[in-house]
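*Asks:* Pasting a structure here, questions to come.
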Amino acid sequence: MWGPDPVSFDNDRYRIAPALVKPKPARRIPIYLAGAGPAALRHIARRGAGWLPTGVPPEQVVAQLAQLREMAAEAGRDPAEMNCIYQVLVQDLSDVPAEGRQPFAGSPEQLVEDVAVLAEGGVHRVYVTATMAGKDVNELIDNSAAIHEAVRGAGL
């Protein structure tokens, strides 16, 4: 679709007759891929612009990102170009003792500690989804503000 015009495509499921397709992208569009198993990581290392892990504890993300970058190097790619974007789904904003706390749960300060592990481990972007961080819209707004202040205070 983004090659020289006219473009066409034909396989057993799709057919695009010769056509002019405009506008073309200004640059190559990065494709990020998800997955955590060995086969998925190998595929990401060979083909993806980056990795989209989710629901994985921060220490595991850091370890798997290092592994993914090694696989990218083995595939002849620059491992430094292997980006990682992580979505944090905030579920609980109460102080929870460290020994019983799940990653990305607990006080805003505890949440920031987990995000700091990701940042120090080479994750390029972290975005926070706080839709489960309150019982109603007012609590959600208050908790989102507390997360924002904790992140700003940590300099992340």
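Ligands are numbered from 1 in the order shown, chains are lettered A, B, ... in the order of the structure tokens, and residues start at 1 in each chain.
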Range 14-113 of chain A near range 148-153 of chain A within 9 Å: what's each residue's closest atom pair and its distance in Å to one decimal, counting only C-alpha atoms, ordered by chain then ascending residue number, as CSV?

*Replies:*
residue,atom,partner,partner_atom,distance
A:Pro108,CA,A:Ala150,CA,5.9
A:Glu109,CA,A:Ala150,CA,5.8
A:Leu111,CA,A:Ala150,CA,8.6
A:Val112,CA,A:Val151,CA,6.0

*Asks:* Could you write out that same residue set with N, CA and C atoms as a PDB file, in the first residue's frame?

*Replies:*
ATOM      1  N   PRO A 108       0.225   5.607  45.713  1.00  0.00           N
ATOM      2  CA  PRO A 108       0.873   6.214  44.542  1.00  0.00           C
ATOM      3  C   PRO A 108       2.400   6.142  44.614  1.00  0.00           C
ATOM      4  N   GLU A 109       2.941   6.296  45.806  1.00  0.00           N
ATOM      5  CA  GLU A 109       4.408   6.213  45.948  1.00  0.00           C
ATOM      6  C   GLU A 109       4.919   4.809  45.638  1.00  0.00           C
ATOM      7  N   LEU A 111       3.439   2.722  43.601  1.00  0.00           N
ATOM      8  CA  LEU A 111       3.278   2.617  42.151  1.00  0.00           C
ATOM      9  C   LEU A 111       4.471   3.237  41.435  1.00  0.00           C
ATOM     10  N   VAL A 112       4.906   4.395  41.916  1.00  0.00           N
ATOM     11  CA  VAL A 112       6.050   5.079  41.314  1.00  0.00           C
ATOM     12  C   VAL A 112       7.314   4.224  41.437  1.00  0.00           C
TER      13      VAL A 112
END

*Asks:* List every residue of chain A that DSSP, applied to the backbone of this structure, places in alpha helix (DSSP H), and write the result as number ranges by chain.

*Replies:* A: 38-47, 58-74, 108-120, 137-154

*Asks:* Quick one: everything within 8 Å of range 59-75 of chain A, counting only C-alpha atoms, minus sequence neighbours fewer than 6 positions away in the same chain. Send it as a PyMOL selection string.

*Replies:* chain A and resi 36+41-42+44-46+53+82+84+117-118+121-123

*Asks:* Grab the residues selected above and save them as a CSV table (one decimal), in the first residue's frame with C-alpha atoms.

*Replies:*
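Written file, part_3.csv:
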chain,number,residue,atom,x,y,z
A,36,ALA,CA,5.8,-12.9,26.4
A,41,LEU,CA,9.8,-12.7,21.7
A,42,ARG,CA,11.7,-14.3,18.8
A,44,ILE,CA,9.3,-9.4,18.0
A,45,ALA,CA,13.1,-9.5,17.9
A,46,ARG,CA,13.0,-10.2,14.1
A,53,PRO,CA,4.2,-6.2,27.5
A,82,MET,CA,14.2,-2.3,20.3
A,84,CYS,CA,9.3,-1.0,24.9
A,117,VAL,CA,12.1,-0.2,38.0
A,118,LEU,CA,10.8,-0.1,34.4
A,121,GLY,CA,15.5,-1.3,33.1
A,122,GLY,CA,15.2,0.4,29.7
A,123,VAL,CA,11.5,0.7,29.1

*Asks:* One decimal, Å: what's the distance from CA of Ala130 in chain A over to CA of Val90 in chain A, could you say?

*Replies:*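 The value is 5.0 Å.
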
*Asks:* Measure the distance from CA of Gln91 in chain A to CA of Ile141 in chain A in Å and round it to one decimal.

*Replies:*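 Computed distance, CA of Gln91 in chain A to CA of Ile141 in chain A, equals 14.0 Å.
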
*Asks:* Could you state the separation of CA of Leu89 in chain A and CA of Thr131 in chain A in Å, given to one decimal place?

*Replies:*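 Rounded to one decimal, the two atoms are 7.9 Å apart.
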
*Asks:* If DSSP is run on the backbone, what residues of range 23-133 of chain A are strand (DSSP E or B)? A reply as an MDAnalysis selection string would be ideal.

*Replies:* chainID A and resid 32:33 50:51 54 83:89 125:129

*Asks:* When you count only C-alpha atoms, which of these residues is closest to Ile147 in chain A: A:Ser94, A:Thr54, A:Gln102, A:Asn11?

*Replies:* A:Ser94

*Asks:* Any idea what's packed within 8 Å of Val7 in chain A, counting only C-alpha atoms, ignoring anything in its chain fewer than 5 positions away? Could you give it as a ChimeraX atom specification?

*Replies:* /A:1-2,16-21

*Asks:* Give me the residues near Glu81 in chain A as a VMD selection string, where near means some atom within 9 Å (using only C-alpha atoms) and where sequence neighbours in that chain fewer than 3 positions away do not count.

*Replies:* chain A and resid 49 to 50 69 77 to 78

*Asks:* For a quick check of understanding, using only C-alpha atoms, which of A:Leu93, A:Val56, A:Leu33, A:Ala39 has the smallest distance to Ala146 in chain A?

*Replies:*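 Ranked by minimum distance to Ala146 in chain A, first place goes to A:Leu93.
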
*Asks:* Choose the residue, out of A:Phe9, A:Trp51, A:Tyr14, A:Tyr86, that has the smallest atom-to-atom separation from Pro30 in chain A; count only C-alpha atoms.

*Replies:*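 Of A:Phe9, A:Trp51, A:Tyr14, A:Tyr86, the one nearest Pro30 in chain A is A:Trp51, counting only C-alpha atoms.
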